[in-house]
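Trainee: Have a peek at query_38.cif (mmCIF, C-alpha atoms and all ligand atoms).
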data_coords
loop_
_atom_site.label_atom_id
_atom_site.label_comp_id
_atom_site.auth_asym_id
_atom_site.auth_seq_id
_atom_site.Cartn_x
_atom_site.Cartn_y
_atom_site.Cartn_z
CA MET A 252 0.00 0.00 0.00
CA ASN A 253 1.28 3.45 -0.96
CA SER A 254 1.79 6.02 1.70
CA THR A 255 -1.38 8.03 2.05
CA PRO A 256 -1.10 11.79 2.17
CA THR A 257 -2.03 13.07 5.60
CA VAL A 258 -4.32 15.57 3.94
CA LEU A 259 -6.86 14.04 1.57
CA ARG A 260 -6.62 17.01 -0.78
CA ASP A 261 -3.05 15.95 -1.61
CA LEU A 262 -4.26 12.61 -2.98
CA ARG A 263 -3.34 12.06 -6.67
CA ILE A 264 -4.02 9.28 -9.15
CA ASP A 265 -1.20 7.22 -10.68
CA ALA A 266 -0.76 8.96 -14.04
CA GLN A 267 1.56 6.32 -15.44
CA ARG A 268 -0.75 3.43 -14.61
CA LEU A 269 -3.69 5.24 -16.24
CA TRP A 270 -1.62 5.92 -19.37
CA GLN A 271 -0.45 2.29 -19.54
CA SER A 272 -4.04 1.04 -19.24
CA LEU A 273 -5.13 3.36 -22.06
CA MET A 274 -2.30 2.09 -24.27
CA ALA A 275 -3.08 -1.56 -23.39
CA LEU A 276 -6.77 -1.20 -24.24
CA ALA A 277 -5.81 0.61 -27.48
CA GLN A 278 -3.97 -2.55 -28.59
CA ILE A 279 -7.32 -4.25 -29.10
CA GLY A 280 -8.37 -3.16 -32.57
CA ALA A 281 -5.22 -1.08 -33.07
CA THR A 282 -4.90 0.40 -36.57
CA GLU A 283 -1.72 1.02 -38.55
CA LYS A 284 -2.06 4.79 -38.21
CA GLY A 285 -2.08 4.59 -34.41
CA GLY A 286 -5.84 4.66 -33.94
CA VAL A 287 -8.39 2.07 -32.86
CA CYS A 288 -11.21 0.29 -34.71
CA ARG A 289 -13.34 -1.50 -32.13
CA LEU A 290 -16.94 -1.36 -33.30
CA ALA A 291 -19.77 -2.08 -30.88
CA LEU A 292 -20.57 -5.77 -30.16
CA THR A 293 -17.84 -7.20 -32.39
CA ASP A 294 -15.29 -9.80 -31.23
CA LEU A 295 -12.90 -6.93 -30.57
CA ASP A 296 -15.49 -5.14 -28.42
CA LYS A 297 -15.86 -8.39 -26.46
CA GLN A 298 -12.08 -8.53 -25.96
CA GLY A 299 -12.07 -4.90 -24.79
CA ARG A 300 -14.98 -5.56 -22.42
CA ASP A 301 -13.27 -8.70 -21.07
CA LEU A 302 -10.02 -6.81 -20.44
CA VAL A 303 -11.67 -3.89 -18.64
CA THR A 304 -13.84 -6.15 -16.47
CA SER A 305 -10.82 -8.33 -15.62
CA TRP A 306 -9.01 -5.20 -14.41
CA ALA A 307 -12.10 -4.27 -12.38
CA ARG A 308 -12.20 -7.73 -10.77
CA GLU A 309 -8.52 -7.45 -9.91
CA ALA A 310 -9.41 -4.15 -8.22
CA GLY A 311 -12.03 -6.03 -6.16
CA MET A 312 -15.04 -4.68 -8.00
CA LYS A 313 -18.35 -6.46 -8.54
CA ILE A 314 -19.73 -6.59 -12.10
CA THR A 315 -23.37 -6.22 -13.19
CA VAL A 316 -24.59 -6.30 -16.80
CA ASP A 317 -28.02 -5.09 -17.93
CA GLN A 318 -30.19 -6.28 -20.81
CA ILE A 319 -28.68 -3.82 -23.30
CA GLY A 320 -25.14 -4.81 -22.30
CA ASN A 321 -24.31 -1.77 -20.18
CA VAL A 322 -21.69 -2.85 -17.63
CA PHE A 323 -21.52 -1.50 -14.07
CA MET A 324 -18.38 -2.16 -12.00
CA ARG A 325 -18.88 -1.49 -8.31
CA ARG A 326 -16.57 -0.73 -5.42
CA GLU A 327 -18.65 -1.13 -2.31
CA GLY A 328 -19.19 1.77 0.07
CA ARG A 329 -19.79 1.55 3.77
CA ASN A 330 -23.50 2.32 3.43
CA PRO A 331 -25.10 -0.04 0.87
CA ASP A 332 -28.38 1.89 1.05
CA LEU A 333 -26.87 4.98 -0.57
CA PRO A 334 -27.04 5.17 -4.38
CA PRO A 335 -23.58 4.85 -5.93
CA ILE A 336 -21.56 7.79 -7.19
CA MET A 337 -20.99 6.77 -10.78
CA THR A 338 -18.61 7.62 -13.58
CA GLY A 339 -18.16 6.08 -17.00
CA SER A 340 -18.24 6.45 -20.75
CA HIS A 341 -17.87 3.96 -23.62
CA ILE A 342 -15.21 1.67 -25.07
CA ASP A 343 -16.63 1.19 -28.55
CA THR A 344 -14.97 3.34 -31.23
CA GLN A 345 -15.56 4.72 -34.70
CA PRO A 346 -14.06 2.69 -37.61
CA THR A 347 -11.24 5.26 -37.72
CA GLY A 348 -11.37 6.05 -34.02
CA GLY A 349 -8.71 7.10 -31.55
CA LYS A 350 -7.34 5.77 -28.27
CA PHE A 351 -9.03 8.29 -26.00
CA ASP A 352 -12.62 8.98 -27.04
CA GLY A 353 -14.74 7.12 -24.46
CA ASN A 354 -11.93 4.84 -23.30
CA TYR A 355 -10.49 7.68 -21.25
CA GLY A 356 -13.73 8.16 -19.30
CA VAL A 357 -13.93 4.47 -18.41
CA LEU A 358 -10.28 3.97 -17.49
CA ALA A 359 -10.16 7.25 -15.54
CA GLY A 360 -12.96 5.78 -13.42
CA LEU A 361 -11.02 2.55 -12.94
CA GLU A 362 -7.93 4.56 -11.97
CA VAL A 363 -9.97 6.41 -9.31
CA VAL A 364 -10.86 3.03 -7.79
CA ARG A 365 -7.28 1.74 -8.00
CA CYS A 366 -6.09 4.93 -6.30
CA LEU A 367 -8.61 4.55 -3.46
CA ASN A 368 -7.52 0.91 -3.07
CA ASP A 369 -3.84 1.93 -2.95
CA HIS A 370 -4.52 4.25 -0.07
CA GLY A 371 -7.10 2.16 1.75
CA ILE A 372 -9.70 4.88 1.47
CA GLU A 373 -13.28 3.93 2.22
CA THR A 374 -16.28 5.90 1.03
CA GLU A 375 -19.77 6.15 2.46
CA ALA A 376 -21.49 5.62 -0.91
CA ALA A 377 -20.28 2.99 -3.38
CA ILE A 378 -18.22 4.10 -6.38
CA GLU A 379 -19.30 2.65 -9.73
CA VAL A 380 -17.69 2.75 -13.14
CA ALA A 381 -19.96 2.12 -16.13
CA PHE A 382 -19.37 1.50 -19.77
CA TRP A 383 -22.38 2.05 -21.99
CA THR A 384 -23.14 -0.04 -25.09
CA ASN A 385 -22.74 1.38 -28.60
CA GLU A 386 -22.20 5.05 -27.83
CA GLU A 387 -20.73 5.73 -31.25
CA GLY A 388 -23.68 4.56 -33.33
CA SER A 389 -21.36 3.60 -36.14
CA ARG A 390 -22.32 -0.08 -36.52
CA PHE A 391 -25.84 0.24 -35.07
CA VAL A 392 -28.18 3.28 -35.00
CA PRO A 393 -29.18 5.08 -32.79
CA VAL A 394 -26.08 6.53 -31.18
CA MET A 395 -25.72 6.51 -27.38
CA MET A 396 -27.81 3.35 -27.49
CA GLY A 397 -27.03 1.87 -24.06
CA SER A 398 -27.44 5.08 -22.11
CA GLY A 399 -30.48 6.01 -24.25
CA VAL A 400 -32.29 2.76 -23.37
CA PHE A 401 -31.20 3.21 -19.75
CA ALA A 402 -32.72 6.72 -19.67
CA GLY A 403 -35.92 5.63 -21.45
CA ALA A 404 -35.24 7.78 -24.53
CA PHE A 405 -36.22 4.75 -26.65
CA SER A 406 -37.23 1.17 -25.89
CA LEU A 407 -35.09 -1.91 -25.36
CA GLU A 408 -37.00 -3.62 -28.20
CA HIS A 409 -36.21 -0.75 -30.56
CA ALA A 410 -32.51 -1.08 -29.73
CA TYR A 411 -32.55 -4.89 -29.98
CA GLN A 412 -33.95 -4.72 -33.51
CA ALA A 413 -31.29 -2.37 -34.86
CA ARG A 414 -29.28 -4.12 -37.59
CA ASP A 415 -25.78 -3.64 -38.94
CA GLN A 416 -25.04 -3.66 -42.69
CA GLU A 417 -24.85 -7.47 -42.69
CA GLY A 418 -28.31 -7.73 -41.13
CA LYS A 419 -27.14 -8.84 -37.69
CA THR A 420 -29.21 -7.45 -34.82
CA VAL A 421 -28.05 -5.89 -31.57
CA ARG A 422 -29.78 -8.65 -29.64
CA GLU A 423 -28.05 -11.46 -31.58
CA GLU A 424 -24.68 -9.78 -31.24
CA LEU A 425 -25.10 -9.10 -27.51
CA GLU A 426 -25.94 -12.80 -27.01
CA ARG A 427 -23.08 -13.94 -29.22
CA ILE A 428 -20.45 -11.99 -27.28
CA GLY A 429 -22.02 -12.93 -23.93
CA TYR A 430 -22.93 -9.45 -22.75
CA ILE A 431 -26.72 -9.66 -22.47
CA GLY A 432 -27.37 -9.30 -18.77
CA SER A 433 -30.48 -9.74 -16.64
CA GLU A 434 -30.83 -6.33 -15.03
CA VAL A 435 -33.62 -4.17 -16.48
CA PRO A 436 -32.03 -1.03 -18.03
CA GLY A 437 -32.68 2.01 -15.88
CA GLN A 438 -33.30 -0.11 -12.76
CA HIS A 439 -29.93 0.82 -11.40
CA PRO A 440 -29.76 3.67 -8.89
CA ILE A 441 -27.33 6.55 -9.48
CA GLY A 442 -26.58 9.13 -6.81
CA ALA A 443 -24.57 11.36 -9.14
CA TYR A 444 -22.84 10.80 -12.48
CA PHE A 445 -19.57 12.26 -13.76
CA GLU A 446 -17.91 11.68 -17.13
CA THR A 447 -14.41 12.67 -18.21
CA HIS A 448 -13.90 13.03 -21.94
CA ILE A 449 -11.57 14.62 -24.45
CA GLU A 450 -13.16 17.84 -25.66
CA GLN A 451 -13.36 16.80 -29.35
CA GLY A 452 -13.21 20.50 -30.23
CA PRO A 453 -10.60 23.30 -30.30
CA VAL A 454 -11.78 25.61 -27.47
CA LEU A 455 -9.56 24.45 -24.57
CA GLU A 456 -6.42 24.17 -26.66
CA ASP A 457 -7.07 27.59 -28.20
CA ALA A 458 -7.53 29.15 -24.74
CA GLY A 459 -4.57 27.27 -23.26
CA LYS A 460 -6.69 25.73 -20.46
CA THR A 461 -6.30 22.26 -18.94
CA ILE A 462 -9.82 21.58 -17.70
CA GLY A 463 -13.19 22.34 -19.25
CA VAL A 464 -15.92 22.49 -16.62
CA VAL A 465 -18.87 21.43 -18.74
CA SER A 466 -22.06 23.33 -17.97
CA GLY A 467 -24.30 21.37 -20.34
CA SER A 468 -24.95 20.51 -23.96
CA LEU A 469 -26.41 22.68 -26.67
CA GLY A 470 -30.04 22.67 -27.74
CA ILE A 471 -30.34 22.20 -31.52
CA ARG A 472 -32.95 23.29 -34.08
CA TRP A 473 -32.73 22.39 -37.76
CA PHE A 474 -34.77 24.33 -40.31
CA ASP A 475 -35.28 24.04 -44.06
CA CYS A 476 -35.86 27.44 -45.69
CA THR A 477 -37.21 28.27 -49.12
CA VAL A 478 -37.32 31.75 -50.69
CA THR A 479 -39.42 31.94 -53.85
CA GLY A 480 -39.16 34.86 -56.31
CA MET A 481 -39.21 34.85 -60.11
CA GLU A 482 -36.61 33.80 -62.67
CA ALA A 483 -35.93 36.46 -65.30
CA HIS A 484 -33.26 37.44 -67.78
CA ALA A 485 -30.28 39.12 -66.10
CA GLY A 486 -29.94 41.72 -68.86
CA PRO A 487 -33.32 43.22 -69.77
CA THR A 488 -34.75 43.24 -66.19
CA PRO A 489 -33.94 46.51 -64.37
CA MET A 490 -32.99 46.28 -60.73
CA PRO A 491 -36.21 47.70 -59.19
CA LEU A 492 -38.39 45.24 -61.13
CA ARG A 493 -36.63 42.01 -60.03
CA ARG A 494 -37.85 39.33 -57.64
CA ASP A 495 -34.41 37.96 -56.82
CA ALA A 496 -34.71 35.05 -54.38
CA LEU A 497 -30.96 34.81 -53.72
CA GLN A 498 -30.66 38.46 -52.67
CA VAL A 499 -33.36 37.91 -50.04
CA ALA A 500 -32.00 34.48 -49.00
CA THR A 501 -28.50 35.84 -48.38
CA GLN A 502 -29.91 38.41 -45.93
CA LEU A 503 -31.42 35.56 -43.95
CA MET A 504 -28.16 33.57 -44.14
CA GLN A 505 -26.24 36.54 -42.74
CA ALA A 506 -28.80 36.76 -39.95
CA VAL A 507 -28.22 33.10 -39.03
CA VAL A 508 -24.55 33.82 -38.38
CA ALA A 509 -25.20 37.23 -36.81
CA CYS A 510 -27.77 35.95 -34.31
CA ALA A 511 -25.21 33.41 -33.07
CA GLN A 512 -22.45 36.05 -32.88
CA GLN A 513 -24.76 38.28 -30.83
CA ARG A 514 -25.04 35.44 -28.31
CA ALA A 515 -21.34 34.54 -28.11
CA PRO A 516 -19.68 32.40 -26.96
CA HIS A 517 -22.20 29.59 -26.62
CA ALA A 518 -24.46 30.03 -29.65
CA ARG A 519 -23.87 28.56 -33.11
CA GLY A 520 -25.47 29.45 -36.43
CA THR A 521 -24.65 27.56 -39.62
CA VAL A 522 -25.94 27.52 -43.18
CA GLY A 523 -24.41 24.35 -44.58
CA MET A 524 -26.53 23.55 -47.64
CA VAL A 525 -27.71 25.91 -50.39
CA GLN A 526 -29.55 25.16 -53.63
CA VAL A 527 -30.08 27.96 -56.14
CA HIS A 528 -32.62 27.57 -58.95
CA PRO A 529 -32.00 27.55 -61.85
CA ASN A 530 -28.30 28.12 -60.99
CA SER A 531 -27.49 29.87 -64.23
CA ARG A 532 -25.11 32.79 -64.60
CA ASN A 533 -27.45 35.05 -66.58
CA VAL A 534 -30.73 34.22 -64.87
CA ILE A 535 -32.04 36.03 -61.79
CA PRO A 536 -32.51 33.25 -59.19
CA GLY A 537 -36.17 32.37 -58.81
CA ARG A 538 -35.91 29.98 -55.88
CA VAL A 539 -33.34 29.32 -53.13
CA LYS A 540 -33.48 26.47 -50.61
CA PHE A 541 -31.09 26.39 -47.68
CA SER A 542 -30.58 24.74 -44.30
CA MET A 543 -30.24 26.46 -40.93
CA ASP A 544 -28.57 24.81 -37.93
CA LEU A 545 -29.12 26.85 -34.74
CA ARG A 546 -27.62 25.90 -31.37
CA HIS A 547 -27.63 27.46 -27.93
CA THR A 548 -27.05 26.43 -24.31
CA THR A 549 -30.73 26.90 -23.48
CA ASP A 550 -33.92 26.00 -25.34
CA ALA A 551 -35.17 29.56 -24.72
CA GLY A 552 -31.94 30.84 -26.29
CA VAL A 553 -32.17 28.70 -29.41
CA ASP A 554 -35.88 29.48 -29.77
CA ALA A 555 -35.12 33.21 -29.50
CA MET A 556 -32.59 32.82 -32.32
CA ALA A 557 -35.24 31.12 -34.46
CA ASP A 558 -37.77 33.86 -33.59
CA GLN A 559 -35.30 36.56 -34.57
CA ILE A 560 -34.80 34.99 -37.99
CA ARG A 561 -38.51 34.32 -38.43
CA SER A 562 -39.38 37.97 -37.80
CA LEU A 563 -36.72 39.09 -40.26
CA ALA A 564 -38.27 36.67 -42.77
CA GLN A 565 -41.68 38.22 -42.20
CA SER A 566 -40.43 41.77 -42.72
CA LEU A 567 -38.47 40.74 -45.83
CA GLN A 568 -41.56 39.03 -47.16
CA ALA A 569 -43.61 42.20 -46.56
CA SER A 570 -41.03 44.54 -48.10
CA THR A 571 -40.12 42.43 -51.16
CA GLY A 572 -43.30 40.51 -51.87
CA LEU A 573 -41.32 37.25 -52.13
CA THR A 574 -42.52 34.13 -50.35
CA ILE A 575 -40.37 32.81 -47.50
CA GLU A 576 -40.96 29.43 -45.84
CA MET A 577 -39.11 28.27 -42.75
CA ASN A 578 -39.85 24.71 -41.58
CA LEU A 579 -38.53 23.02 -38.44
CA VAL A 580 -37.20 19.55 -39.37
CA SER A 581 -35.41 18.44 -36.15
CA SER A 582 -35.20 19.60 -32.56
CA TYR A 583 -32.97 18.37 -29.71
CA PRO A 584 -33.37 19.84 -26.21
CA ALA A 585 -30.55 21.61 -24.41
CA THR A 586 -29.23 19.82 -21.32
CA ALA A 587 -27.99 21.80 -18.36
CA PHE A 588 -25.83 19.69 -16.09
CA HIS A 589 -26.73 19.75 -12.41
CA ASP A 590 -25.44 22.71 -10.40
CA GLU A 591 -24.15 20.40 -7.66
CA CYS A 592 -22.10 18.34 -10.12
CA VAL A 593 -20.84 21.35 -12.06
CA SER A 594 -19.72 22.99 -8.83
CA ALA A 595 -18.15 19.72 -7.61
CA VAL A 596 -16.05 19.66 -10.80
CA MET A 597 -15.20 23.34 -10.43
CA ALA A 598 -14.26 22.97 -6.75
CA ALA A 599 -12.01 19.97 -7.48
CA THR A 600 -10.34 21.81 -10.37
CA GLU A 601 -9.66 24.90 -8.28
CA GLN A 602 -8.41 22.88 -5.34
CA LEU A 603 -5.99 21.08 -7.64
CA GLY A 604 -4.83 24.38 -9.16
CA TYR A 605 -5.48 23.55 -12.83
CA SER A 606 -6.28 26.28 -15.33
CA HIS A 607 -9.90 25.97 -16.36
CA MET A 608 -12.85 27.48 -18.14
CA SER A 609 -16.55 26.86 -18.44
CA VAL A 610 -17.44 25.05 -21.68
CA VAL A 611 -20.49 23.52 -23.29
CA SER A 612 -20.61 20.24 -25.15
CA GLY A 613 -21.46 20.53 -28.81
CA ALA A 614 -21.39 16.73 -29.20
CA GLY A 615 -23.54 13.96 -27.70
CA HIS A 616 -22.33 11.99 -24.66
CA ASP A 617 -23.72 9.27 -22.39
CA ALA A 618 -23.74 11.86 -19.59
CA ILE A 619 -26.49 13.75 -21.44
CA TYR A 620 -28.81 10.75 -21.07
CA ALA A 621 -27.59 10.06 -17.51
CA ALA A 622 -28.58 13.64 -16.70
CA ARG A 623 -32.24 12.67 -17.24
CA LEU A 624 -32.03 10.32 -14.25
CA ALA A 625 -29.46 11.72 -11.86
CA PRO A 626 -27.45 14.87 -11.13
CA SER A 627 -24.68 14.76 -13.74
CA GLY A 628 -21.60 16.66 -14.85
CA MET A 629 -18.68 16.35 -17.24
CA ILE A 630 -14.96 17.12 -17.26
CA PHE A 631 -13.28 17.95 -20.57
CA ILE A 632 -9.57 17.91 -21.33
CA PRO A 633 -7.94 19.30 -24.50
CA CYS A 634 -7.20 17.04 -27.45
CA LYS A 635 -4.60 17.85 -30.08
CA ASP A 636 -5.93 20.31 -32.68
CA GLY A 637 -9.44 19.56 -31.42
CA ILE A 638 -9.50 16.41 -33.57
CA SER A 639 -11.34 13.18 -32.73
CA HIS A 640 -13.20 10.42 -34.60
CA ASN A 641 -9.84 10.16 -36.34
CA GLU A 642 -6.89 7.79 -35.90
CA ILE A 643 -4.59 10.75 -35.23
CA GLU A 644 -6.64 11.75 -32.17
CA ASP A 645 -4.18 12.60 -29.39
CA ALA A 646 -4.06 13.98 -25.86
CA LYS A 647 -1.20 14.91 -23.54
CA PRO A 648 -0.39 12.55 -20.64
CA GLU A 649 -0.41 15.49 -18.20
CA ASP A 650 -3.91 16.54 -19.32
CA ILE A 651 -5.09 12.92 -19.09
CA ALA A 652 -3.81 12.84 -15.49
CA ALA A 653 -5.29 16.24 -14.63
CA GLY A 654 -8.80 15.27 -15.76
CA CYS A 655 -8.59 12.05 -13.73
CA ASN A 656 -7.47 13.93 -10.60
CA VAL A 657 -10.45 16.26 -11.01
CA LEU A 658 -12.71 13.20 -11.36
CA LEU A 659 -11.19 11.65 -8.21
CA HIS A 660 -11.84 14.71 -6.06
CA ALA A 661 -15.24 15.51 -7.53
CA MET A 662 -16.36 11.91 -6.83
CA LEU A 663 -14.86 11.85 -3.35
CA GLY A 664 -16.73 15.06 -2.57
CA LYS A 665 -19.98 13.26 -3.41
CA ALA A 666 -19.21 9.76 -2.08
CA LYS A 667 -17.92 11.08 1.27
CA VAL A 668 -14.70 9.65 2.59
CA VAL A 669 -15.12 7.72 5.83
CA ARG A 670 -11.69 6.63 6.83
CA PRO A 671 -8.43 7.50 5.21
CA SER A 672 -6.16 4.90 6.81
ZN ZN B 701 -17.12 9.56 -26.80
#
How does this structure look as C-alpha cells?

Mentor:
Amino acid sequence: MNSTPTVLRDLRIDAQRLWQSLMALAQIGATEKGGVCRLALTDLDKQGRDLVTSWAREAGMKITVDQIGNVFMRREGRNPDLPPIMTGSHIDTQPTGGKFDGNYGVLAGLEVVRCLNDHGIETEAAIEVAFWTNEEGSRFVPVMMGSGVFAGAFSLEHAYQARDQEGKTVREELERIGYIGSEVPGQHPIGAYFETHIEQGPVLEDAGKTIGVVSGSLGIRWFDCTVTGMEAHAGPTPMPLRRDALQVATQLMQAVVACAQQRAPHARGTVGMVQVHPNSRNVIPGRVKFSMDLRHTTDAGVDAMADQIRSLAQSLQASTGLTIEMNLVSSYPATAFHDECVSAVMAATEQLGYSHMSVVSGAGHDAIYAARLAPSGMIFIPCKDGISHNEIEDAKPEDIAAGCNVLLHAMLGKAKVVRPS
C-alpha cells in the first residue's frame, strides 16, 4: 500500500498506470495509423470488455450487466443503502477512431478506484464505473444506445432490432459476445454521475486551459428554408423590377450567423446547404433552398434565435413581396448539467490548481442521457488540434492525469470519505 497523504486534498491518481491502461486497451483493434477500430458488439469489443472487467475484478469490484449490455463495475461503500456515485463512458470506437474517445472516461474511473484501493480509502457511498453499449452509433443506429435505453429515450425492443449492414441485430450480437445481462435497463440507482472526456473541439487548446468544466450541452434546431421569387433574364430586367430570391436568402443567411455572434460564446449558427434555382449565370434566381442549424445552451436561447430569424423573414416578405418558408425539421433539447455536479467539478479543479474554463458540449455523450435520471456533470480535457473520430486523435499525458485527478476529487466530494487509513 502506498503512503497516504495526511491531507486528503493531496491525494493524486497514478498517471503512469492510467496511461499504460489506455495504451493496453488501445492494442485491441489497433490500426496502422495509431488509432483504434473496435466497433460495438464485435469480437474486438468483447475482448475490450473482457479486459476492462478483468481489471475491475482485480481491483475487487463487482460486475453487473443489464439487458442492453451496459456494464456497471462497483466498489462497495460503507452504506449499501446509498445510491452509488458513478462515472463512465464507452469503449466502442468509430471505424477510424482514436485511443481516448470514451476509453479515457472508463479507465479514468477505474484509476480512481485503484487509487482509493492503494490508499485504503473507504467511502460512504459505493463508487461505480460504467461503460455504456454502442455510444458511437457507427455499426448500429441510434447513437448513445445503451445510455439512451437506460434513460428511457427509446425502448429496449427498438434497440434490440437495430441491424448492422450485414443484417445482424443488436440482440443477436449481444448474445453472441455474452454481454446480455439480466438487469432491467434504468433499474440501477445513481446518486450522481460524472464523465471525463476529451473535448473533441478546439476551445480548450485555443484558450490554453487544462480543464473544461462542462455546464451542459447545446439545444439544436434544424430548419429548411425556401425563398421563392421569379426567374428572369439578367440583362433586360432593371434592378427595381426584379424578384431575386438569392438576394433575399443571403440576408437571412447573414442573420443566421449574426444571431449566433450576438449570443457569443455559446451560440452557433450555420448555413451548410444551399440550392439555387436555376443556378445559371445570366438568370435572376427564382428559388433558393437552404438549411439552418441553430444551437444554444438553453432552449429559450435557441428558440429566441429562431424567432429573430422568423421575424426578419416576415419583414423581408412584406417589403419584397417574395414568399419565405421556414420549416422546423429536427429539434434536440438543451441539457444543463446539475449545479451540484458542475460545482463539484469546479471545486475539485480549483483545489488542484489547474487552469480551467466553463465550456459547453457541442457533441452527444452518455452523460447527457444520464442527466435525465441523476445529477450529472462532465470534465473535458484538451485534445490535439481539437480532432477526434480520427486515428490521429491525441491527448497529452499530463492533461489525461489532470482530468482524472479532477474526477477523483469531484467523486470523493460526493461519495464522502469515511476513513483515510
Ligand atoms: Zn465519446

Trainee: Looking at A:Glu426, A:Glu644, A:Asp495, A:Glu327, which one is nearest to ligand ZN 701 (chain B), with distances taken over all atoms listed in the file?

Mentor: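 For ligand ZN 701 (chain B), the nearest of the given residues is A:Glu644.
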
Trainee: Counting all atoms listed in the file, what residues are within 8 Å of ligand ZN 701 (chain B), given as an NGL selection string?

Mentor: :A and (340-341 or 344 or 352-354 or 386-387 or 448-449 or 615-617)

Trainee: Using all atoms listed in the file, which residues of stretch 299-398 of chain A come within 9 Å of stretch 648-655 of chain A, and what is the closest atom pair for each, with the distance in Å to one decimal? Give it as a tab-separated table, sorted by chain and residue number.

Mentor:
residue	atom	partner	partner_atom	distance
A:Tyr355	CA	A:Ile651	CA	7.8
A:Gly356	CA	A:Cys655	CA	8.5
A:Ala359	CA	A:Cys655	CA	5.4
A:Gly360	CA	A:Cys655	CA	7.6
A:Glu362	CA	A:Cys655	CA	7.7
A:Val363	CA	A:Cys655	CA	7.3

Trainee: Got a sec: who's within 6 Å of stretch 286-289 of chain A, counting only C-alpha atoms, leaving out chain neighbours fewer than 2 positions off, as a PyMOL selection string?

Mentor: chain A and resi 280-282+284+295-296+343-344+346-350+642

Trainee: Restricting the calculation to only C-alpha atoms, which member of A:Val435, A:Leu333, A:Leu469, A:Leu503 is positioned closest to A:Thr586?

Mentor: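 Of A:Val435, A:Leu333, A:Leu469, A:Leu503, the one nearest A:Thr586 is A:Leu469, counting only C-alpha atoms.
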
Trainee: Excluding A:Pro436 and its own-chain neighbours fewer than 4 positions away, which residues fall within 10 Å of it when counting all atoms listed in the file? Please give them as a ChimeraX atom specification.

Mentor: /A:316-321,397-403,406-407,432

Trainee: Restricting the calculation to only C-alpha atoms, which member of A:Leu455, A:Cys366, A:Met543, A:Ala410 is positioned closest to A:Glu423?

Mentor: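 The closest residue to A:Glu423 is A:Ala410.
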
Trainee: Using only C-alpha atoms, which of the listed residues (A:Met577, A:Lys647, A:Met337, A:Ala599) sits closest to A:Ala622?

Mentor: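 That would be A:Met337, the residue with the smallest distance to A:Ala622.
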
Trainee: Just give me the gap between atom CA of A:His439 and atom CA of A:Leu624 in Å, one decimal is fine.

Mentor: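 Straight-line distance from atom CA of A:His439 to atom CA of A:Leu624 works out to 10.1 Å.
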
Trainee: Neighbours of A:Gln416 within 10 Å (all atoms listed in the file; same-chain residues fewer than 3 positions away dropped), as a PyMOL selection string?

Mentor: chain A and resi 390-391+419-420

Trainee: In Å, rounded to a single decimal, give me how far atom CA of A:Pro335 is from atom CA of A:Met312.

Mentor: 13.0 Å

Trainee: I'd like the neighbourhood of A:Phe474 as a PyMOL selection string, where a residue qualifies if any of its atoms comes within 6 Å (using all atoms listed in the file), though same-chain residues fewer than 2 positions away should be ignored.

Mentor: chain A and resi 542-543+578-580

Trainee: For a quick check of understanding, using only C-alpha atoms, which of A:Arg427, A:Leu545, A:Thr374, A:Gly442 has the smallest distance to A:Asp558?

Mentor: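 Smallest distance to A:Asp558 is found for A:Leu545.
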
Trainee: Contacts of A:Ala511 at 12 Å or less, counting only C-alpha atoms, minus same-chain residues fewer than 4 places along, as a list of chain:residue names?

Mentor: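 What passes the distance filter is A:Met504, A:Gln505, A:Ala506, A:Val507, A:Ala515, A:Pro516, A:His517, A:Ala518, A:Arg519, A:Gly520, A:Thr521, A:Val522, A:Met543, A:Asp544, A:Leu545, A:Arg546, A:His547, A:Thr548, A:Gly552, A:Val553, A:Asp554, A:Ala555, A:Met556, A:Ala557, A:Gln559, A:Ile560.
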
Trainee: Could you tell me which of A:Leu497, A:Ala275, A:Ala291, A:Leu361 comes closest to A:Glu309 if we count only C-alpha atoms?

Mentor: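 Going through A:Leu497, A:Ala275, A:Ala291, A:Leu361 one by one, the smallest distance to A:Glu309 is for A:Leu361.
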